[in-house]
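Chemist: Please see the structure below; I have some questions.
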Amino acid sequence: MICLGSKIEFSRGCAIAFVLALTTAAFGQDAIPISRTNRSILQPEEEAQIQQPSGFTAADHMLGDCGGWRERLFMAGVEVFAFDNSIYNGNVTGGIHPGHGTIVNDAFAGLKFDLEKLVGWKGGLFVVSGIDRAGEDLTRKYVGSIYSVQQMVGGQRPFLYQVFLEQKLADKKVTLKLGRFSASDDFNASLFYGYSLNNGIDGDIRNVLFDTRFSAYPFPVWAAALFYNPSAEFNLKLGLFQTSKDMFDNTEHGLDWSIRGEDGYTAIAQFGWTPQFFKQPVASGASDGKGTLVLKGMPGHYHFGVTFSQWDFYPRFSGGFEDHSYGFYVHGDQMVYQETPGSDQGLYVFVACGYYPQTEISIVPFQVNAGLHYKGLFPGRDDDRTVLHFIYGHLSDDYARSVHVPGRPFADSEKVLEVGHRFQVTKWSYIQPDLQYVIDPGGTGDIPDAIVIGAQMGVTL
């Protein structure tokens with residue numbers, strides 16, 4: 001552990017030590033090269049912080065109010081936000097080399113400037129943020145799977161991330177966003193995905209990233225987006241994102257702001273529906289029960305997205321290039337059991353699917369994710385989350401032929417089962433023990449199924 005500590009940045013030493021204590025006995029510790037995989041995504045609970053909250057609550061932050069200055073800044077129009085998340089896990093059995101464990105860490109921080117409070121610019125918001133990732137990738141060397149078992153792998157160095165201006169119009173029904181950010185901030189995402197440690201689910205539907213140039217955290221691009229919310233139940237999102245050969249280059253630290261002649265674009269349209277079923281009158285407002293009655297039901301979130309990318313350099317597995325990529329994704333989550341009317345405690349179900357039919361350039365043309373999510377399953381643990389996830393990814397025949405080794409099976413599909421329980425320790429901290437069962441790592445069937453155990457922890461600073 002001392003040797004490993006010399007290789008990895010332990011910015012939150014006590015918390016990491018606690019995670020290590022849960023699982024260290026199972027794994028040998030090896031230092032391996034930092035991975036350059038770009039399959040990563042922003043935690044949805046971090047994404048949500050980009051929205052402007054109604055006020056500052058010191059109890060929601062590990063550092064509190066810092067002597068009152070954070071609240072004073074917030075009231076003046078400047079919000080400071082920061083998060084730190086870590087994963088420690090390893091493959092107990094199976095995979096390429098069983099018995100190894102690694103730690104990965106993701107620190108995310110930034111500032112939001114409410115331009116209306118600062119300079120009287122009504123509906124204006126300016127955001128700047130940065131990321132620092134550290135740690136070694138377990139998946140590539142020790143597991144051998146298509147889907148990473150650690151969703152914080154990708155980049156593994158400091159990045160300047162978001163630099164954008166946001167403007168609300170038409171009584172806040174229309175929002176315009178322009179600057180440097182990634183598609184994963186606003187498209188192809190769900191709050192439920194962030195409770196998975198596996199990158200096949202966490203953040204977004206993973207084959208959308210595999211099969212097109214879908215920009216994702218921590219790699220920003222030049223972008224513009226429009227969000228239209230005509231009612232509480234319906235929304236439309238449109239986005240246009242720069243596509244380039246260097247958009248996933250982690251050596252530039254997010255500082256390459258160039259636009260080159262060979263760059264292309266990725267256009268995204270997403271249609272959303274957020275209904276509530278079986279509405280009942282529940283009290284809202286005063287804590288003494290004298291508040292007004294409002295109708296609340298069991299919430300659901302449904303969206304359908306289409307992406308089209310024009311870029312001359314999509315490599316075909318058989319050689320040469322394709323000049324465009326297109327595909328579709330769909331998501332639905334629904335609360336199916338509610339402990340009490342109006343409560344968010346209960347059972348949720350989600351299903352998500354991505355389809356990218358160009359098998360000559362698509363690694364995983366078809367993927368489906370499914371999950372069960374229960375908030376407050378155990379008495380006295382109302383804010384805990386219990387999750388059961390399943391991933392199925394079908395690998396394209398063209399990809400299978402391109403990576404085929406004579407005398408070995410052709411790649412076909414990879415599956416993952418995952419179960420975890422997130423203990424909400426305080427309002428600003430959590431720890432989530434987790435178990436993953438990776439079936440047919442790499443899709444070929446000749447790598448033994450892997451059992452990966454470990455834990456994720458995080459704090460809101």
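For the structure tokens, the naming scheme is as follows: chains receive sequential letters (A, B, ...) according to their order of presentation, residues are indexed from 1 within each chain, and ligands are indexed from 1 in presentation order.
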Which residues of segment 186-265 of chain A sit at most 9 Å from segment 174-179 of chain A, using only C-alpha atoms? Give each one's shortest atom pair and distance in Å (one decimal place), in chain and ascending residue order, as a Markdown table.
Modeler:
| residue | atom | partner | partner_atom | distance |
| --- | --- | --- | --- | --- |
| A:Val221 | CA | A:Gly179 | CA | 8.1 |
| A:Trp222 | CA | A:Gly179 | CA | 5.7 |
| A:Ala223 | CA | A:Gly179 | CA | 5.6 |
| A:Ala224 | CA | A:Leu178 | CA | 4.5 |
| A:Ala225 | CA | A:Lys177 | CA | 5.1 |
| A:Leu226 | CA | A:Leu176 | CA | 4.7 |
| A:Phe227 | CA | A:Thr175 | CA | 5.1 |
| A:Tyr228 | CA | A:Val174 | CA | 4.7 |
| A:Asn229 | CA | A:Val174 | CA | 6.4 |
| A:Pro230 | CA | A:Val174 | CA | 8.2 |
Chemist: Find the residues around segment 376-387 of chain A up to 6 Å (only C-alpha atoms counted), leave out those fewer than 5 positions away in its own chain, and share them as a ChimeraX atom specification.
Modeler: /A:345,419-424
Chemist: So which residues touch Asp106 of chain A within 10 Å, counting only C-alpha atoms, skipping near sequence neighbours fewer than 4 positions away, as a ChimeraX atom specification?
Modeler: /A:42-43,83-87,131-135,151-158,218,458
Chemist: Could the residues in this selection be saved with C-alpha atoms as a compact mmCIF listing (two decimals), in the first residue's frame?
Modeler:
# COMPACT_ATOMS: atom_id res chain seq x y z
CA LEU A 42 -19.09 13.13 -15.72
CA GLN A 43 -20.93 11.85 -12.66
CA PHE A 83 -16.32 17.31 -5.86
CA ASP A 84 -13.89 14.46 -5.33
CA ASN A 85 -14.69 10.83 -6.20
CA SER A 86 -12.53 7.70 -6.04
CA ILE A 87 -12.86 4.02 -6.94
CA ILE A 131 -10.77 18.38 -13.73
CA ASP A 132 -7.86 16.41 -12.36
CA ARG A 133 -7.84 12.64 -12.85
CA ALA A 134 -5.29 10.18 -11.47
CA GLY A 135 -4.78 6.44 -11.10
CA GLN A 151 -15.93 4.81 -14.80
CA MET A 152 -13.28 7.36 -13.73
CA VAL A 153 -10.68 6.17 -16.25
CA GLY A 154 -9.97 8.51 -19.17
CA GLY A 155 -7.69 11.54 -19.35
CA GLN A 156 -5.75 10.88 -16.12
CA ARG A 157 -4.29 14.36 -15.86
CA PRO A 158 -5.46 17.97 -15.22
CA PRO A 218 -13.30 15.30 -19.47
CA GLY A 458 -17.09 10.69 -2.92
Chemist: Within 9 Å of segment 64-81 of chain A, counting only C-alpha atoms, which residues qualify if same-chain residues fewer than 5 places away don't, as a PyMOL selection string?
Modeler: chain A and resi 49-50+52+55-59+108-118+129+460-461
Chemist: For atom CA of Phe278 of chain A and atom CA of Tyr337 of chain A, quote the distance in Å rounded to one decimal.
Modeler: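 Atom-to-atom, atom CA of Phe278 of chain A and atom CA of Tyr337 of chain A are spaced 10.9 Å apart.
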Chemist: Give the answer as one residue: which of A:Gly101, A:Pro315, A:Pro441, A:Gly393 has the shortest atom-to-atom distance to Ala455 of chain A, using only C-alpha atoms?
Modeler: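 Counting only C-alpha atoms, the residue closest to Ala455 of chain A is A:Gly101.
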Chemist: Identify, on the basis of only C-alpha atoms, every residue whose closest approach to segment 181-191 of chain A does not exceed 9 Å; exclude the query and any residue fewer than 4 positions from it along the same chain; express the result as a VMD selection string.
Modeler: chain A and resid 41 to 45 47 to 48 161 to 164 195 202 to 205 208 214 to 225 237 to 241 268 to 270 301 303 to 305 329 to 331 333
Chemist: Using DSSP secondary structure from the backbone, list all strand (DSSP E) positions within segment 226-308 of chain A, as an MDAnalysis selection string.
Modeler: chainID A and resid 226:228 234:243 264:273 276:284 292:308
Chemist: I'd like the interatomic distance between atom CA of Ile363 of chain A and atom CA of Ser325 of chain A, to a tenth of an Å.
Modeler: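 It comes out at 12.4 Å.
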Chemist: Could you work out how far atom CA of Met457 of chain A lies from atom CA of Tyr437 of chain A, giving the answer in Å with one decimal?
Modeler: 20.2 Å
Chemist: What lies within 7 Å of Phe328 of chain A using only C-alpha atoms, ignoring chain neighbours under 2 positions off, as a compact mmCIF listing (two decimals) with N, CA, C and O atoms, in the first residue's frame?
Modeler:
# COMPACT_ATOMS: atom_id res chain seq x y z
N GLY A 305 -33.08 10.06 -28.75
CA GLY A 305 -32.08 10.92 -29.37
C GLY A 305 -31.58 10.36 -30.68
O GLY A 305 -31.56 9.15 -30.90
N VAL A 306 -31.18 11.25 -31.56
CA VAL A 306 -30.55 10.87 -32.82
C VAL A 306 -29.30 11.71 -33.00
O VAL A 306 -29.28 12.91 -32.68
N THR A 307 -28.22 11.09 -33.45
CA THR A 307 -26.97 11.80 -33.71
C THR A 307 -26.57 11.61 -35.17
O THR A 307 -26.76 10.52 -35.75
N VAL A 330 -32.22 5.59 -26.93
CA VAL A 330 -33.51 5.76 -26.25
C VAL A 330 -33.34 5.40 -24.79
O VAL A 330 -32.55 4.50 -24.44
N GLY A 354 -28.86 1.79 -27.31
CA GLY A 354 -28.21 2.54 -28.38
C GLY A 354 -28.08 1.68 -29.62
O GLY A 354 -27.76 0.48 -29.53
N TYR A 355 -28.34 2.26 -30.80
CA TYR A 355 -28.26 1.51 -32.06
C TYR A 355 -27.51 2.33 -33.09
O TYR A 355 -27.94 3.43 -33.46
N TYR A 356 -26.35 1.82 -33.53
CA TYR A 356 -25.52 2.46 -34.54
C TYR A 356 -25.25 1.45 -35.64
O TYR A 356 -24.36 0.60 -35.54
Chemist: For Leu388 of chain A, which residue among A:Asp412, A:Pro406, A:Ala232, A:Ser196 is the nearest when counting only C-alpha atoms?
Modeler: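 Residue with the minimum atom-to-atom distance to Leu388 of chain A: A:Ser196.
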Chemist: Ranking A:Ala352, A:Ala82, A:Ile96, A:Val104 by minimum distance to Tyr142 of chain A and counting only C-alpha atoms, which one comes first?
Modeler: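 Smallest distance to Tyr142 of chain A is found for A:Ile96.
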Chemist: Considering only C-alpha atoms, can you say which of A:Asp446, A:Asp398, A:Asp323, A:Asp434 comes closest to Asn89 of chain A?
Modeler: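 Checking each candidate against Asn89 of chain A, we get A:Asp434 as the closest.
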Chemist: Just the alpha helix (DSSP H) stuff from segment 102-351 of chain A, please, per backbone DSSP, written as a list in words.
Modeler: Leu115, Glu116, Lys117, Leu118, Val119, Leu138, Arg206, Asn207, Val208, Leu209, Phe210 and Asp211 of chain A
